[in-house]
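Colleague: Sharing final.cif here; it has mmCIF, C-alpha atoms and all ligand atoms.
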data_my_file
loop_
_atom_site.label_atom_id
_atom_site.label_comp_id
_atom_site.auth_asym_id
_atom_site.auth_seq_id
_atom_site.Cartn_x
_atom_site.Cartn_y
_atom_site.Cartn_z
CA MET W 1 26.21 -25.21 5.17
CA ASN W 2 25.33 -21.58 5.75
CA ASP W 3 22.71 -21.27 8.47
CA ILE W 4 21.71 -17.76 7.50
CA ALA W 5 21.12 -18.63 3.86
CA LEU W 6 18.98 -21.62 4.80
CA SER W 7 17.14 -19.99 7.66
CA LYS W 8 13.33 -20.11 7.48
CA HIS W 9 12.89 -18.12 10.66
CA VAL W 10 10.12 -15.57 11.01
CA PRO W 11 11.56 -12.31 12.33
CA VAL W 12 10.14 -11.41 15.69
CA SER W 13 7.82 -8.46 15.23
CA PRO W 14 7.66 -5.84 17.97
CA GLN W 15 4.96 -6.58 20.49
CA ARG W 16 1.79 -5.12 19.01
CA ARG W 17 -0.95 -3.73 21.16
CA THR W 18 -4.59 -4.68 21.03
CA ASP W 19 -5.62 -2.54 24.02
CA TYR W 20 -6.47 0.94 22.84
CA GLY W 21 -8.78 3.07 24.97
CA SER W 22 -11.17 4.37 22.33
CA PHE W 23 -11.76 1.34 20.08
CA ARG W 24 -11.47 -2.43 19.91
CA VAL W 25 -8.75 -4.08 17.81
CA THR W 26 -8.90 -7.59 16.37
CA PRO W 27 -5.79 -8.71 14.45
CA ILE W 28 -6.37 -10.16 10.96
CA SER W 29 -3.00 -11.91 11.01
CA PRO W 30 -0.21 -12.02 13.62
CA HIS W 31 2.07 -9.66 11.69
CA ILE W 32 -0.09 -7.22 9.75
CA GLY W 33 -3.65 -5.92 9.63
CA ALA W 34 -6.33 -5.32 12.24
CA GLU W 35 -10.07 -4.71 12.32
CA ILE W 36 -11.09 -1.63 14.31
CA GLU W 37 -14.50 -1.60 15.97
CA GLY W 38 -16.38 1.05 17.87
CA LEU W 39 -15.78 4.11 15.67
CA ASP W 40 -18.04 6.11 13.38
CA LEU W 41 -15.68 7.81 10.94
CA SER W 42 -18.39 10.17 9.67
CA GLN W 43 -18.26 11.99 13.04
CA PRO W 44 -15.56 14.49 14.05
CA LEU W 45 -12.59 12.72 15.68
CA SER W 46 -10.84 14.27 18.68
CA ASP W 47 -7.07 14.82 18.63
CA ALA W 48 -6.68 12.18 21.33
CA LEU W 49 -8.58 9.63 19.27
CA VAL W 50 -6.58 10.45 16.13
CA GLY W 51 -3.41 10.03 18.21
CA GLU W 52 -4.53 6.55 19.25
CA LEU W 53 -5.46 5.69 15.67
CA ARG W 54 -2.01 6.79 14.52
CA GLN W 55 -0.49 4.48 17.13
CA ALA W 56 -2.66 1.55 16.02
CA TRP W 57 -1.73 2.31 12.40
CA ALA W 58 1.97 2.27 13.26
CA ASP W 59 1.46 -1.02 15.09
CA TRP W 60 -0.73 -2.81 12.52
CA MET W 61 -0.05 -1.02 9.19
CA VAL W 62 -3.48 -1.87 7.77
CA LEU W 63 -6.66 -0.83 9.64
CA VAL W 64 -10.10 -2.06 8.54
CA PHE W 65 -13.27 -0.17 9.56
CA ARG W 66 -16.61 -1.87 8.82
CA ASP W 67 -20.10 -0.41 8.36
CA GLN W 68 -19.03 3.15 7.67
CA HIS W 69 -21.37 5.58 5.91
CA LEU W 70 -19.25 8.27 4.34
CA ASP W 71 -19.87 10.79 1.63
CA ARG W 72 -16.84 12.11 -0.25
CA SER W 73 -16.29 15.00 2.07
CA ALA W 74 -16.35 12.76 5.17
CA HIS W 75 -13.98 10.31 3.46
CA LYS W 76 -11.57 13.15 2.68
CA ALA W 77 -11.92 14.70 6.15
CA PHE W 78 -10.94 11.37 7.70
CA ALA W 79 -7.92 11.02 5.37
CA ARG W 80 -6.74 14.57 6.14
CA HIS W 81 -6.03 13.52 9.72
CA PHE W 82 -3.01 11.65 8.31
CA GLY W 83 -1.63 14.06 5.68
CA ARG W 84 -2.54 16.45 2.89
CA LEU W 85 -4.47 14.87 0.04
CA HIS W 86 -2.60 13.51 -2.94
CA VAL W 87 -3.46 14.15 -6.61
CA HIS W 88 -2.85 11.03 -8.68
CA PRO W 89 -0.60 11.52 -11.75
CA MET W 90 -3.20 9.82 -13.97
CA HIS W 91 -5.62 12.64 -13.15
CA HIS W 92 -3.91 14.93 -15.65
CA SER W 93 -6.39 13.83 -18.34
CA ARG W 94 -9.53 14.14 -16.20
CA SER W 95 -12.16 16.84 -16.78
CA SER W 96 -12.31 19.75 -14.37
CA GLU W 97 -15.59 18.52 -12.82
CA GLN W 98 -13.89 15.37 -11.59
CA ASP W 99 -12.46 15.42 -8.11
CA SER W 100 -8.69 15.24 -8.51
CA GLU W 101 -8.23 14.08 -4.88
CA VAL W 102 -10.37 10.98 -5.37
CA LEU W 103 -9.28 7.92 -7.34
CA VAL W 104 -12.29 5.89 -8.47
CA VAL W 105 -11.61 2.16 -8.24
CA LYS W 106 -14.24 0.63 -10.49
CA THR W 107 -14.16 -2.73 -12.22
CA THR W 108 -16.97 -4.07 -14.40
CA ALA W 109 -17.42 -6.67 -17.14
CA GLN W 110 -16.22 -3.98 -19.59
CA SER W 111 -12.98 -3.19 -17.74
CA ALA W 112 -9.72 -3.87 -19.54
CA TYR W 113 -7.92 -4.11 -16.19
CA THR W 114 -8.48 -3.68 -12.50
CA ALA W 115 -6.33 -1.12 -10.71
CA GLY W 116 -3.52 -2.58 -8.63
CA GLU W 117 -3.65 -6.18 -9.81
CA GLY W 118 -0.05 -7.04 -8.98
CA TRP W 119 2.06 -6.34 -5.88
CA HIS W 120 2.85 -2.64 -5.58
CA THR W 121 3.20 0.37 -3.33
CA ASP W 122 1.06 3.31 -4.47
CA VAL W 123 2.65 5.89 -6.77
CA THR W 124 6.30 5.43 -5.75
CA CYS W 125 7.17 7.18 -9.04
CA ASP W 126 6.34 10.49 -7.28
CA ALA W 127 9.11 12.54 -5.68
CA ILE W 128 7.09 12.26 -2.45
CA PRO W 129 4.97 9.12 -2.73
CA PRO W 130 1.73 8.87 -0.70
CA LEU W 131 2.35 7.94 2.93
CA GLY W 132 -0.94 6.09 3.03
CA SER W 133 -4.29 5.52 1.40
CA ALA W 134 -7.89 5.16 2.57
CA LEU W 135 -9.95 2.97 0.23
CA TYR W 136 -13.70 2.97 0.80
CA ILE W 137 -15.47 0.10 -0.98
CA THR W 138 -19.22 0.47 -1.37
CA GLU W 139 -20.00 -2.27 -3.90
CA THR W 140 -18.55 -5.77 -3.64
CA PRO W 141 -18.90 -8.47 -6.32
CA ALA W 142 -22.16 -10.44 -6.14
CA CYS W 143 -20.20 -13.68 -6.57
CA GLY W 144 -17.82 -12.92 -3.67
CA GLY W 145 -14.08 -12.31 -4.07
CA GLY W 146 -12.45 -8.96 -4.84
CA ASP W 147 -10.26 -9.13 -1.72
CA THR W 148 -7.05 -7.14 -1.31
CA LEU W 149 -3.78 -8.70 -0.11
CA PHE W 150 -1.33 -6.65 1.93
CA ALA W 151 2.31 -7.47 2.75
CA ASN W 152 4.48 -6.36 5.66
CA MET W 153 7.64 -4.85 4.18
CA TYR W 154 9.42 -4.51 7.55
CA MET W 155 9.26 -8.24 7.84
CA ALA W 156 10.32 -8.73 4.20
CA CYS W 157 13.41 -6.64 4.99
CA GLU W 158 14.12 -8.63 8.17
CA MET W 159 13.91 -11.90 6.22
CA LEU W 160 16.93 -10.96 4.09
CA SER W 161 20.33 -12.21 5.21
CA PRO W 162 22.46 -9.53 6.93
CA THR W 163 24.93 -9.79 4.04
CA LEU W 164 22.34 -9.06 1.35
CA ARG W 165 20.77 -6.35 3.49
CA SER W 166 24.05 -4.50 3.92
CA PHE W 167 24.71 -4.70 0.15
CA LEU W 168 21.24 -3.26 -0.59
CA GLU W 169 21.49 -0.55 2.08
CA GLY W 170 23.77 1.60 -0.06
CA LEU W 171 21.63 1.44 -3.21
CA VAL W 172 18.89 3.52 -4.76
CA ALA W 173 16.37 2.41 -7.39
CA VAL W 174 14.39 4.20 -10.09
CA HIS W 175 10.58 4.14 -9.79
CA ASP W 176 8.92 4.92 -13.12
CA GLY W 177 5.23 5.79 -13.58
CA ALA W 178 5.40 4.75 -17.25
CA LEU W 179 5.66 1.10 -16.14
CA PRO W 180 2.09 0.77 -14.81
CA TYR W 181 0.33 3.78 -16.33
CA ILE W 182 1.49 3.23 -19.93
CA GLY W 183 2.75 -0.38 -19.78
CA SER W 184 -0.27 -1.88 -18.01
CA TYR W 185 -3.06 0.72 -18.19
CA LYS W 186 -2.24 2.10 -21.69
CA SER W 187 -3.04 5.65 -20.54
CA GLN W 188 -1.91 8.80 -22.37
CA PRO W 189 1.05 10.33 -20.52
CA PRO W 190 0.99 14.01 -19.55
CA GLU W 191 3.29 16.43 -21.34
CA GLY W 192 6.80 15.61 -20.16
CA GLY W 193 5.81 12.06 -19.24
CA TYR W 194 4.79 10.37 -16.00
CA PRO W 195 6.93 11.00 -12.90
CA ARG W 196 10.14 9.01 -12.42
CA HIS W 197 12.14 9.29 -9.21
CA GLU W 198 14.82 7.52 -7.22
CA HIS W 199 14.28 6.12 -3.72
CA PRO W 200 16.50 4.01 -1.42
CA VAL W 201 16.18 0.24 -1.85
CA ILE W 202 16.13 -0.09 1.93
CA ALA W 203 14.50 2.90 3.57
CA ARG W 204 13.56 3.88 7.10
CA HIS W 205 10.00 4.50 8.25
CA PRO W 206 9.90 8.04 9.67
CA VAL W 207 7.50 7.16 12.51
CA THR W 208 8.69 3.76 13.70
CA GLY W 209 12.37 4.17 12.73
CA ARG W 210 12.34 0.60 11.35
CA GLN W 211 13.87 -0.41 8.01
CA VAL W 212 11.64 -1.46 5.10
CA LEU W 213 12.36 -3.13 1.78
CA TYR W 214 11.26 -0.33 -0.55
CA VAL W 215 11.17 -1.72 -4.10
CA ASN W 216 7.99 -2.93 -5.79
CA SER W 217 7.21 -4.69 -9.03
CA GLY W 218 4.63 -2.06 -10.02
CA PHE W 219 7.01 0.88 -10.30
CA THR W 220 10.66 -0.08 -9.72
CA SER W 221 12.44 -0.28 -13.07
CA HIS W 222 16.07 -0.73 -12.02
CA ILE W 223 18.70 -0.29 -9.33
CA VAL W 224 21.15 2.53 -10.05
CA GLY W 225 24.82 1.64 -10.50
CA LEU W 226 24.33 -2.02 -11.50
CA HIS W 227 24.31 -3.58 -14.95
CA ARG W 228 20.72 -3.97 -16.14
CA TRP W 229 20.97 -7.78 -15.97
CA GLU W 230 22.30 -7.63 -12.42
CA SER W 231 19.54 -5.23 -11.42
CA ARG W 232 16.87 -7.40 -13.06
CA ALA W 233 18.05 -10.53 -11.25
CA ILE W 234 18.20 -8.80 -7.85
CA LEU W 235 14.81 -7.10 -8.23
CA ASP W 236 13.17 -10.34 -9.38
CA MET W 237 14.65 -12.14 -6.38
CA LEU W 238 13.33 -9.43 -4.02
CA PHE W 239 9.89 -9.36 -5.68
CA SER W 240 9.67 -13.16 -5.45
CA LEU W 241 9.79 -12.91 -1.66
CA LEU W 242 6.19 -11.66 -1.69
CA GLN W 243 5.08 -14.56 -3.90
CA ARG W 244 6.89 -17.14 -1.79
CA GLU W 245 6.11 -16.03 1.76
CA PRO W 246 2.41 -15.93 2.65
CA LYS W 247 3.42 -15.26 6.26
CA LEU W 248 4.12 -11.69 5.14
CA HIS W 249 0.47 -11.21 4.12
CA CYS W 250 -2.94 -10.42 5.42
CA ARG W 251 -6.05 -10.57 3.27
CA VAL W 252 -8.78 -7.97 3.57
CA HIS W 253 -12.19 -9.33 2.69
CA TRP W 254 -14.42 -6.40 1.82
CA ARG W 255 -18.07 -5.96 2.68
CA PRO W 256 -19.98 -2.95 1.31
CA ASN W 257 -19.16 0.21 3.30
CA THR W 258 -15.75 -0.94 4.52
CA LEU W 259 -12.90 1.57 4.70
CA THR W 260 -9.32 0.29 4.83
CA LEU W 261 -6.47 2.60 5.77
CA TRP W 262 -2.99 1.35 4.82
CA ASP W 263 0.49 2.67 5.46
CA ASN W 264 2.10 2.94 2.03
CA ARG W 265 5.61 3.27 3.51
CA CYS W 266 5.83 -0.20 5.05
CA THR W 267 3.33 -2.29 3.05
CA GLN W 268 2.60 -3.45 -0.47
CA HIS W 269 -0.80 -4.54 -1.73
CA GLN W 270 -2.44 -6.38 -4.58
CA ALA W 271 -6.09 -6.35 -5.70
CA VAL W 272 -7.48 -9.80 -6.57
CA TRP W 273 -9.63 -9.75 -9.76
CA ASP W 274 -11.32 -13.11 -9.31
CA TYR W 275 -14.90 -11.88 -9.87
CA TYR W 276 -15.22 -11.26 -13.62
CA PRO W 277 -17.83 -10.46 -15.01
CA ASN W 278 -19.17 -9.07 -11.70
CA SER W 279 -18.53 -5.51 -10.56
CA ARG W 280 -16.79 -3.83 -7.66
CA TYR W 281 -16.76 -0.10 -6.79
CA GLY W 282 -14.84 2.05 -4.37
CA GLU W 283 -13.05 5.36 -4.01
CA ARG W 284 -9.51 5.90 -2.79
CA VAL W 285 -8.03 8.98 -1.19
CA SER W 286 -4.27 9.07 -0.55
CA MET W 287 -2.26 11.26 1.76
CA VAL W 288 1.24 12.74 1.42
CA GLY W 289 3.70 14.05 3.98
CA GLU W 290 6.50 16.58 3.74
CA SER W 291 9.25 14.32 2.42
CA ALA W 292 10.06 11.02 0.77
CA LEU W 293 11.57 8.10 2.70
CA THR W 294 15.29 8.25 3.39
CA THR W 295 17.77 5.77 4.83
C1 LIG W 301 -5.19 -0.07 -5.21
O1 LIG W 301 -4.15 -0.50 -5.68
O2 LIG W 301 -5.20 0.94 -4.53
C2 LIG W 301 -6.48 -0.80 -5.42
C3 LIG W 301 -6.68 -1.81 -4.36
C4 LIG W 301 -8.00 -2.52 -4.50
O3 LIG W 301 -8.81 -2.15 -5.35
O4 LIG W 301 -8.23 -3.46 -3.75
#
Before anything else, please render the file you have as structure tokens.

Modeller:
Amino acid sequence: MNDIALSKHVPVSPQRRTDYGSFRVTPISPHIGAEIEGLDLSQPLSDALVGELRQAWADWMVLVFRDQHLDRSAHKAFARHFGRLHVHPMHHSRSSEQDSEVLVVKTTAQSAYTAGEGWHTDVTCDAIPPLGSALYITETPACGGGDTLFANMYMACEMLSPTLRSFLEGLVAVHDGALPYIGSYKSQPPEGGYPRHEHPVIARHPVTGRQVLYVNSGFTSHIVGLHRWESRAILDMLFSLLQREPKLHCRVHWRPNTLTLWDNRCTQHQAVWDYYPNSRYGERVSMVGESALTT
């Protein structure tokens, strides 16, 4: 019997802080996600406070701020503390009056789909994918529901056997925007098509230095250098980890005027559309850094 292959152990996460000087932190789950209390994000934030928020973000990956009252410019100003604002590739077909830095997340009884219903990391088809996103939900479904699940991809990486991990460490995978934007959302591609780029299968987070499993079922089409059937089998096995291991997850239950900030480099997320025919409304702003993840 191979102990590693049968192991059900939970990797030991680094000790995560709950004592930050400027705000209170309540974990949502032991391994990912925390509620932050005591901050009004519509007000200017000092450099010291932003520094502490960055530390809490690195520690918890998903930060939830309740009872925030933000107009678009305050939402964007908050996001800019973490990177320059991203323009979503699906915005190529929007009119010039629409704000290209804001992604409207709106689901009604008439919607053909809800954005992000399936585990994914945002826009990994880009050469430099967003490093994070700030989703501000102002309308929640009258019937309840509409939560978002998040998964800790450090821990997913640590759950792989050392043998599989070292095999994956040398590989890169293709992330293709056509998969969700044409395949699921049936949108018209821009001239030249949606972005398609390669990223390492196991990458390193530039802030924490920790390894993450960096393939996602939303965008990753195949692993380079393998037969397609080999790639399919390996990707499906890796994707199934998120379905099989709820200990990787936290679940954010939205109330109106909640903003959630997630780190797109070490998490995946999935929107739960369990509220049809009720509606849900929010706006997402994403941030990008100077470079994509490397090994
Ligand atoms: C997204 O994928 O960014 C949407 C998440 C959500 O609506 O909960």

Colleague: Could you name the residues that touch Thr295 (chain W) at 8 Å or less, counting all atoms listed in the file, but leaving out those on the same chain fewer than 2 positions away, as a ChimeraX atom specification?

Modeller: /W:169,200,202-204,211,293

Colleague: Considering only C-alpha atoms, can you say which of W:Met155, W:Ile128, W:Ile36, W:Ile137 comes closest to Lys106 (chain W)?

Modeller: W:Ile137

Colleague: Can you list every residue of chain W that has an atom at most 8 Å from ligand LIG 301 (chain W), with its nearest atom pair and the distance in Å to one decimal, using all atoms listed in the file, ordered by chain then number, as JSON lines?

Modeller:
{"residue": "W:Val105", "atom": "CA", "partner": "W:LIG301", "partner_atom": "O3", "distance": 5.9}
{"residue": "W:Lys106", "atom": "CA", "partner": "W:LIG301", "partner_atom": "O3", "distance": 8.0}
{"residue": "W:Thr114", "atom": "CA", "partner": "W:LIG301", "partner_atom": "O3", "distance": 7.3}
{"residue": "W:Ala115", "atom": "CA", "partner": "W:LIG301", "partner_atom": "C2", "distance": 5.3}
{"residue": "W:Gly116", "atom": "CA", "partner": "W:LIG301", "partner_atom": "O1", "distance": 3.7}
{"residue": "W:Glu117", "atom": "CA", "partner": "W:LIG301", "partner_atom": "O1", "distance": 7.0}
{"residue": "W:His120", "atom": "CA", "partner": "W:LIG301", "partner_atom": "O1", "distance": 7.3}
{"residue": "W:Thr121", "atom": "CA", "partner": "W:LIG301", "partner_atom": "O1", "distance": 7.8}
{"residue": "W:Asp122", "atom": "CA", "partner": "W:LIG301", "partner_atom": "O1", "distance": 6.6}
{"residue": "W:Ser133", "atom": "CA", "partner": "W:LIG301", "partner_atom": "O2", "distance": 7.5}
{"residue": "W:Leu135", "atom": "CA", "partner": "W:LIG301", "partner_atom": "O2", "distance": 7.0}
{"residue": "W:Gly146", "atom": "CA", "partner": "W:LIG301", "partner_atom": "O4", "distance": 7.0}
{"residue": "W:Asp147", "atom": "CA", "partner": "W:LIG301", "partner_atom": "O4", "distance": 6.4}
{"residue": "W:Thr148", "atom": "CA", "partner": "W:LIG301", "partner_atom": "O4", "distance": 4.6}
{"residue": "W:Leu149", "atom": "CA", "partner": "W:LIG301", "partner_atom": "O4", "distance": 7.8}
{"residue": "W:His269", "atom": "CA", "partner": "W:LIG301", "partner_atom": "O1", "distance": 6.6}
{"residue": "W:Gln270", "atom": "CA", "partner": "W:LIG301", "partner_atom": "O1", "distance": 6.2}
{"residue": "W:Ala271", "atom": "CA", "partner": "W:LIG301", "partner_atom": "O4", "distance": 4.1}
{"residue": "W:Val272", "atom": "CA", "partner": "W:LIG301", "partner_atom": "O4", "distance": 7.0}
{"residue": "W:Gly282", "atom": "CA", "partner": "W:LIG301", "partner_atom": "O3", "distance": 7.4}
{"residue": "W:Arg284", "atom": "CA", "partner": "W:LIG301", "partner_atom": "O2", "distance": 6.8}

Colleague: Show which residues sit within 12 Å of region 182-187 of chain W, as a list in words. Count all atoms listed in the file, and ignore same-chain residues fewer than 4 positions away.

Modeller: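 Surrounding residues, per the criterion: Pro89, Met90, His91, His92, Ser93, Arg94, Ser111, Ala112, Tyr113, Thr114, Ala115, Gly116, Glu117, Gly118, Asp176, Gly177, Ala178, Gly193, Tyr194, Pro195, Gly218, Phe219 and Ser221 of chain W.
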
Colleague: If we count only C-alpha atoms and set the cut-off at 9 Å, which residues sit around His88 (chain W), ignoring sequence neighbours fewer than 4 positions away in its own chain? Please answer as a ChimeraX atom specification.

Modeller: /W:92,100-103,123,286

Colleague: Residues as selected, C-alpha atoms, written as a PDB file, keeping the file's coordinate frame, can you do that?

Modeller:
ATOM      1  CA  HIS W  92      -3.910  14.930 -15.650  1.00  0.00           C
ATOM      2  CA  SER W 100      -8.690  15.240  -8.510  1.00  0.00           C
ATOM      3  CA  GLU W 101      -8.230  14.080  -4.880  1.00  0.00           C
ATOM      4  CA  VAL W 102     -10.370  10.980  -5.370  1.00  0.00           C
ATOM      5  CA  LEU W 103      -9.280   7.920  -7.340  1.00  0.00           C
ATOM      6  CA  VAL W 123       2.650   5.890  -6.770  1.00  0.00           C
ATOM      7  CA  SER W 286      -4.270   9.070  -0.550  1.00  0.00           C
TER       8      SER W 286
END

Colleague: Restricting the calculation to all atoms listed in the file, which member of W:Ala34, W:Ala151, W:Val201, W:Leu131 is positioned closest to Leu241 (chain W)?

Modeller: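 Once distances to Leu241 (chain W) are computed over all atoms listed in the file, the minimum belongs to W:Ala151.
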
Colleague: Any idea what's packed within 9 Å of region 223-231 of chain W, counting all atoms listed in the file, ignoring anything in its chain fewer than 2 positions away? Could you give it as a ChimeraX atom specification?

Modeller: /W:171-174,198,201,220-221,233-236

Colleague: Do a neighbour search on Glu52 (chain W) at 12 Å with only C-alpha atoms, toss out local chain neighbours closer than 3 positions, and write the hits as a ChimeraX atom specification.

Modeller: /W:17-25,36,45-49,55-59,81

Colleague: When you draw a straight line from CA of Ala127 (chain W) to CA of His175 (chain W), how long is it in Å?

Modeller: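 Computing the Euclidean distance for CA of Ala127 (chain W) and CA of His175 (chain W) yields 9.5 Å.
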
Colleague: Rounded to one decimal in Å, what is the spacing between CA of Pro277 (chain W) and CA of Pro246 (chain W)?

Modeller: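 CA of Pro246 (chain W) lies at a distance of 27.4 Å from CA of Pro277 (chain W).
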